[in-house]
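Next comes model04.pdb, a file with PDB, N, CA and C atoms.
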ATOM      1  N   MET V   1     -55.851  42.107 -59.589
ATOM      2  CA  MET V   1     -56.843  43.135 -59.418
ATOM      3  C   MET V   1     -56.348  44.096 -58.328
ATOM      4  N   THR V   2     -56.442  45.366 -58.574
ATOM      5  CA  THR V   2     -55.990  46.353 -57.590
ATOM      6  C   THR V   2     -57.055  46.555 -56.518
ATOM      7  N   GLN V   3     -56.640  47.134 -55.392
ATOM      8  CA  GLN V   3     -57.598  47.406 -54.332
ATOM      9  C   GLN V   3     -58.661  48.390 -54.800
ATOM     10  N   LYS V   4     -58.276  49.320 -55.650
ATOM     11  CA  LYS V   4     -59.242  50.281 -56.186
ATOM     12  C   LYS V   4     -60.295  49.566 -57.034
ATOM     13  N   MET V   5     -59.859  48.613 -57.851
ATOM     14  CA  MET V   5     -60.790  47.859 -58.690
ATOM     15  C   MET V   5     -61.718  46.990 -57.836
ATOM     16  N   ILE V   6     -61.171  46.394 -56.781
ATOM     17  CA  ILE V   6     -61.977  45.567 -55.886
ATOM     18  C   ILE V   6     -63.038  46.420 -55.206
ATOM     19  N   ALA V   7     -62.642  47.599 -54.720
ATOM     20  CA  ALA V   7     -63.596  48.503 -54.061
ATOM     21  C   ALA V   7     -64.726  48.872 -55.018
ATOM     22  N   PHE V   8     -64.391  49.183 -56.259
ATOM     23  CA  PHE V   8     -65.407  49.543 -57.245
ATOM     24  C   PHE V   8     -66.336  48.366 -57.526
ATOM     25  N   GLU V   9     -65.752  47.170 -57.699
ATOM     26  CA  GLU V   9     -66.537  45.969 -58.010
ATOM     27  C   GLU V   9     -67.567  45.667 -56.914
ATOM     28  N   PHE V  10     -67.162  45.815 -55.653
ATOM     29  CA  PHE V  10     -68.047  45.489 -54.543
ATOM     30  C   PHE V  10     -68.829  46.687 -54.025
ATOM     31  N   GLY V  11     -68.526  47.862 -54.529
ATOM     32  CA  GLY V  11     -69.233  49.056 -54.090
ATOM     33  C   GLY V  11     -68.916  49.436 -52.655
ATOM     34  N   ILE V  12     -67.654  49.244 -52.268
ATOM     35  CA  ILE V  12     -67.223  49.571 -50.907
ATOM     36  C   ILE V  12     -66.039  50.531 -50.979
ATOM     37  N   SER V  13     -65.694  51.088 -49.839
ATOM     38  CA  SER V  13     -64.593  52.036 -49.759
ATOM     39  C   SER V  13     -63.258  51.334 -49.987
ATOM     40  N   ILE V  14     -62.344  52.034 -50.634
ATOM     41  CA  ILE V  14     -60.996  51.494 -50.817
ATOM     42  C   ILE V  14     -60.315  51.287 -49.464
ATOM     43  N   ASN V  15     -60.694  52.111 -48.470
ATOM     44  CA  ASN V  15     -60.151  51.931 -47.120
ATOM     45  C   ASN V  15     -60.613  50.601 -46.523
ATOM     46  N   THR V  16     -61.850  50.213 -46.797
ATOM     47  CA  THR V  16     -62.360  48.928 -46.320
ATOM     48  C   THR V  16     -61.575  47.789 -46.949
ATOM     49  N   VAL V  17     -61.316  47.882 -48.229
ATOM     50  CA  VAL V  17     -60.535  46.851 -48.920
ATOM     51  C   VAL V  17     -59.143  46.757 -48.295
ATOM     52  N   GLY V  18     -58.522  47.898 -48.055
ATOM     53  CA  GLY V  18     -57.191  47.909 -47.442
ATOM     54  C   GLY V  18     -57.189  47.302 -46.054
ATOM     55  N   ASN V  19     -58.213  47.615 -45.266
ATOM     56  CA  ASN V  19     -58.307  47.057 -43.916
ATOM     57  C   ASN V  19     -58.504  45.545 -43.946
ATOM     58  N   VAL V  20     -59.353  45.063 -44.848
ATOM     59  CA  VAL V  20     -59.586  43.624 -44.970
ATOM     60  C   VAL V  20     -58.291  42.928 -45.391
ATOM     61  N   ALA V  21     -57.596  43.511 -46.352
ATOM     62  CA  ALA V  21     -56.328  42.929 -46.804
ATOM     63  C   ALA V  21     -55.304  42.911 -45.675
ATOM     64  N   ALA V  22     -55.172  44.025 -44.951
ATOM     65  CA  ALA V  22     -54.210  44.101 -43.853
ATOM     66  C   ALA V  22     -54.520  43.070 -42.774
ATOM     67  N   ASN V  23     -55.805  42.896 -42.449
ATOM     68  CA  ASN V  23     -56.191  41.896 -41.455
ATOM     69  C   ASN V  23     -55.884  40.483 -41.937
ATOM     70  N   ALA V  24     -56.129  40.219 -43.207
ATOM     71  CA  ALA V  24     -55.832  38.896 -43.765
ATOM     72  C   ALA V  24     -54.328  38.632 -43.738
ATOM     73  N   TYR V  25     -53.532  39.623 -44.111
ATOM     74  CA  TYR V  25     -52.074  39.462 -44.090
ATOM     75  C   TYR V  25     -51.595  39.209 -42.666
ATOM     76  N   ARG V  26     -52.147  39.941 -41.709
ATOM     77  CA  ARG V  26     -51.756  39.773 -40.307
ATOM     78  C   ARG V  26     -52.075  38.362 -39.829
ATOM     79  N   LYS V  27     -53.280  37.871 -40.161
ATOM     80  CA  LYS V  27     -53.681  36.532 -39.726
ATOM     81  C   LYS V  27     -52.821  35.458 -40.376
ATOM     82  N   LEU V  28     -52.394  35.690 -41.607
ATOM     83  CA  LEU V  28     -51.534  34.732 -42.295
ATOM     84  C   LEU V  28     -50.069  34.875 -41.886
ATOM     85  N   GLY V  29     -49.744  35.982 -41.227
ATOM     86  CA  GLY V  29     -48.362  36.223 -40.813
ATOM     87  C   GLY V  29     -47.462  36.610 -41.963
ATOM     88  N   VAL V  30     -48.024  37.353 -42.926
ATOM     89  CA  VAL V  30     -47.263  37.780 -44.102
ATOM     90  C   VAL V  30     -47.363  39.294 -44.260
ATOM     91  N   HIS V  31     -46.607  39.819 -45.224
ATOM     92  CA  HIS V  31     -46.568  41.272 -45.405
ATOM     93  C   HIS V  31     -46.921  41.731 -46.811
ATOM     94  N   GLY V  32     -47.684  40.950 -47.543
ATOM     95  CA  GLY V  32     -48.079  41.389 -48.876
ATOM     96  C   GLY V  32     -48.901  40.340 -49.601
ATOM     97  N   ALA V  33     -49.407  40.749 -50.754
ATOM     98  CA  ALA V  33     -50.306  39.890 -51.526
ATOM     99  C   ALA V  33     -49.607  38.635 -52.031
ATOM    100  N   ALA V  34     -48.401  38.773 -52.555
ATOM    101  CA  ALA V  34     -47.686  37.607 -53.086
ATOM    102  C   ALA V  34     -47.404  36.596 -51.981
ATOM    103  N   ALA V  35     -47.001  37.082 -50.820
ATOM    104  CA  ALA V  35     -46.735  36.191 -49.696
ATOM    105  C   ALA V  35     -48.025  35.529 -49.215
ATOM    106  N   ALA V  36     -49.147  36.249 -49.282
ATOM    107  CA  ALA V  36     -50.436  35.680 -48.883
ATOM    108  C   ALA V  36     -50.841  34.548 -49.829
ATOM    109  N   VAL V  37     -50.625  34.747 -51.120
ATOM    110  CA  VAL V  37     -50.938  33.697 -52.103
ATOM    111  C   VAL V  37     -50.087  32.466 -51.828
ATOM    112  N   ASN V  38     -48.804  32.670 -51.573
ATOM    113  CA  ASN V  38     -47.923  31.538 -51.282
ATOM    114  C   ASN V  38     -48.332  30.832 -49.992
ATOM    115  N   ALA V  39     -48.726  31.589 -48.964
ATOM    116  CA  ALA V  39     -49.175  30.995 -47.707
ATOM    117  C   ALA V  39     -50.434  30.164 -47.935
ATOM    118  N   HIS V  40     -51.346  30.675 -48.765
ATOM    119  CA  HIS V  40     -52.567  29.931 -49.082
ATOM    120  C   HIS V  40     -52.223  28.635 -49.811
ATOM    121  N   ARG V  41     -51.349  28.726 -50.804
ATOM    122  CA  ARG V  41     -50.962  27.527 -51.556
ATOM    123  C   ARG V  41     -50.296  26.494 -50.663
ATOM    124  N   ASP V  42     -49.453  26.963 -49.741
ATOM    125  CA  ASP V  42     -48.788  26.038 -48.828
ATOM    126  C   ASP V  42     -49.795  25.347 -47.910
ATOM    127  N   ALA V  43     -50.792  26.088 -47.437
ATOM    128  CA  ALA V  43     -51.771  25.542 -46.501
ATOM    129  C   ALA V  43     -52.825  24.682 -47.189
ATOM    130  N   HIS V  44     -53.123  24.976 -48.453
ATOM    131  CA  HIS V  44     -54.216  24.302 -49.167
ATOM    132  C   HIS V  44     -53.745  23.804 -50.526
ATOM    133  N   PHE V  45     -52.722  22.994 -50.520
ATOM    134  CA  PHE V  45     -52.128  22.552 -51.786
ATOM    135  C   PHE V  45     -53.080  21.736 -52.647
ATOM    136  N   LEU V  46     -54.107  21.139 -52.066
ATOM    137  CA  LEU V  46     -55.033  20.319 -52.854
ATOM    138  C   LEU V  46     -56.013  21.146 -53.679
ATOM    139  N   CYS V  47     -56.279  22.385 -53.268
ATOM    140  CA  CYS V  47     -57.279  23.175 -53.983
ATOM    141  C   CYS V  47     -56.665  23.963 -55.139
ATOM    142  N   GLY V  48     -55.375  23.902 -55.339
ATOM    143  CA  GLY V  48     -54.735  24.634 -56.428
ATOM    144  C   GLY V  48     -54.585  26.095 -56.093
ATOM    145  N   SER V  49     -54.464  26.920 -57.115
ATOM    146  CA  SER V  49     -54.196  28.340 -56.890
ATOM    147  C   SER V  49     -55.454  29.195 -56.914
ATOM    148  N   ARG V  50     -56.601  28.604 -57.205
ATOM    149  CA  ARG V  50     -57.832  29.376 -57.304
ATOM    150  C   ARG V  50     -58.444  29.584 -55.924
ATOM    151  N   VAL V  51     -58.781  30.815 -55.618
ATOM    152  CA  VAL V  51     -59.460  31.151 -54.376
ATOM    153  C   VAL V  51     -60.883  31.546 -54.739
ATOM    154  N   ASP V  52     -61.856  30.931 -54.086
ATOM    155  CA  ASP V  52     -63.259  31.196 -54.384
ATOM    156  C   ASP V  52     -63.775  32.332 -53.511
ATOM    157  N   PHE V  53     -64.068  33.478 -54.127
ATOM    158  CA  PHE V  53     -64.583  34.628 -53.403
ATOM    159  C   PHE V  53     -66.103  34.710 -53.477
ATOM    160  N   GLY V  54     -66.754  33.666 -53.984
ATOM    161  CA  GLY V  54     -68.200  33.662 -54.115
ATOM    162  C   GLY V  54     -68.943  33.934 -52.823
ATOM    163  N   PRO V  55     -68.588  33.229 -51.721
ATOM    164  CA  PRO V  55     -69.296  33.477 -50.463
ATOM    165  C   PRO V  55     -69.138  34.914 -49.977
ATOM    166  N   ILE V  56     -67.961  35.493 -50.161
ATOM    167  CA  ILE V  56     -67.726  36.878 -49.754
ATOM    168  C   ILE V  56     -68.574  37.809 -50.608
ATOM    169  N   ARG V  57     -68.602  37.560 -51.908
ATOM    170  CA  ARG V  57     -69.375  38.396 -52.824
ATOM    171  C   ARG V  57     -70.858  38.346 -52.465
ATOM    172  N   GLU V  58     -71.371  37.157 -52.159
ATOM    173  CA  GLU V  58     -72.786  37.018 -51.801
ATOM    174  C   GLU V  58     -73.095  37.742 -50.493
ATOM    175  N   ARG V  59     -72.199  37.648 -49.508
ATOM    176  CA  ARG V  59     -72.422  38.322 -48.230
ATOM    177  C   ARG V  59     -72.431  39.839 -48.413
ATOM    178  N   LEU V  60     -71.535  40.359 -49.261
ATOM    179  CA  LEU V  60     -71.504  41.796 -49.511
ATOM    180  C   LEU V  60     -72.760  42.254 -50.252
ATOM    181  N   LYS V  61     -73.234  41.454 -51.201
ATOM    182  CA  LYS V  61     -74.462  41.806 -51.916
ATOM    183  C   LYS V  61     -75.644  41.829 -50.959
ATOM    184  N   ALA V  62     -75.706  40.851 -50.055
ATOM    185  CA  ALA V  62     -76.820  40.782 -49.094
ATOM    186  C   ALA V  62     -76.778  41.977 -48.158
ATOM    187  N   ARG V  63     -75.601  42.382 -47.746
ATOM    188  CA  ARG V  63     -75.468  43.520 -46.839
ATOM    189  C   ARG V  63     -75.904  44.807 -47.541
ATOM    190  N   GLY V  64     -75.591  44.939 -48.819
ATOM    191  CA  GLY V  64     -75.938  46.144 -49.567
ATOM    192  C   GLY V  64     -77.421  46.272 -49.851
ATOM    193  N   SER V  65     -78.143  45.149 -49.861
ATOM    194  CA  SER V  65     -79.569  45.203 -50.218
ATOM    195  C   SER V  65     -80.473  45.407 -49.016
ATOM    196  N   THR V  66     -79.910  45.432 -47.801
ATOM    197  CA  THR V  66     -80.767  45.623 -46.616
ATOM    198  C   THR V  66     -80.978  47.060 -46.295
TER
END

Encoded form using structure tokens:
Amino acid sequence: MTQKMIAFEFGISINTVGNVAANAYRKLGVHGAAAAVNAHRDAHFLCGSRVDFGPIRERLKARGST
């Protein structure tokens, strides 16, 4: 999914998506999406390759409805 598609899905600015991604990459010590996925898999090998964005989606929906 592209950052533009993510921004549209959540109803937020593409700049916000970019900032969140950049902060996540910085915290993981990586420089891109593929490296972030590999870092996640290395750190959480028991959960497989699926990342659950449900809590993030719910928090964004709650913020938008206030």

Expected answer as a PyMOL selection string: helix (DSSP H, G or I) residues in chain V:
chain V and resi 3-10+14-28+33-43+45-47+54-64

Enter the distance from atom CA of Val17 of chain V to atom C of Gln3 of chain V, in Å, rounded to one decimal.
6.4 Å

Atom N of Ala39 of chain V to atom N of Asn19 of chain V, straight-line distance in Å:
19.0 Å

Go ahead and compute the interatomic distance for atom C of Asp42 of chain V and atom C of Leu28 of chain V, in Å to one decimal.
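Distance between the two atoms: 11.3 Å.
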
So that all listed atoms of segment 2-8 of chain V fit with 8 Å spare on each side, what axis-aligned box centre and edge lengths in Å, to one decimal, would you give as JSON?
{"center_x": -61.2, "center_y": 47.8, "center_z": -56.4, "size_x": 26.3, "size_y": 20.9, "size_z": 20.6}
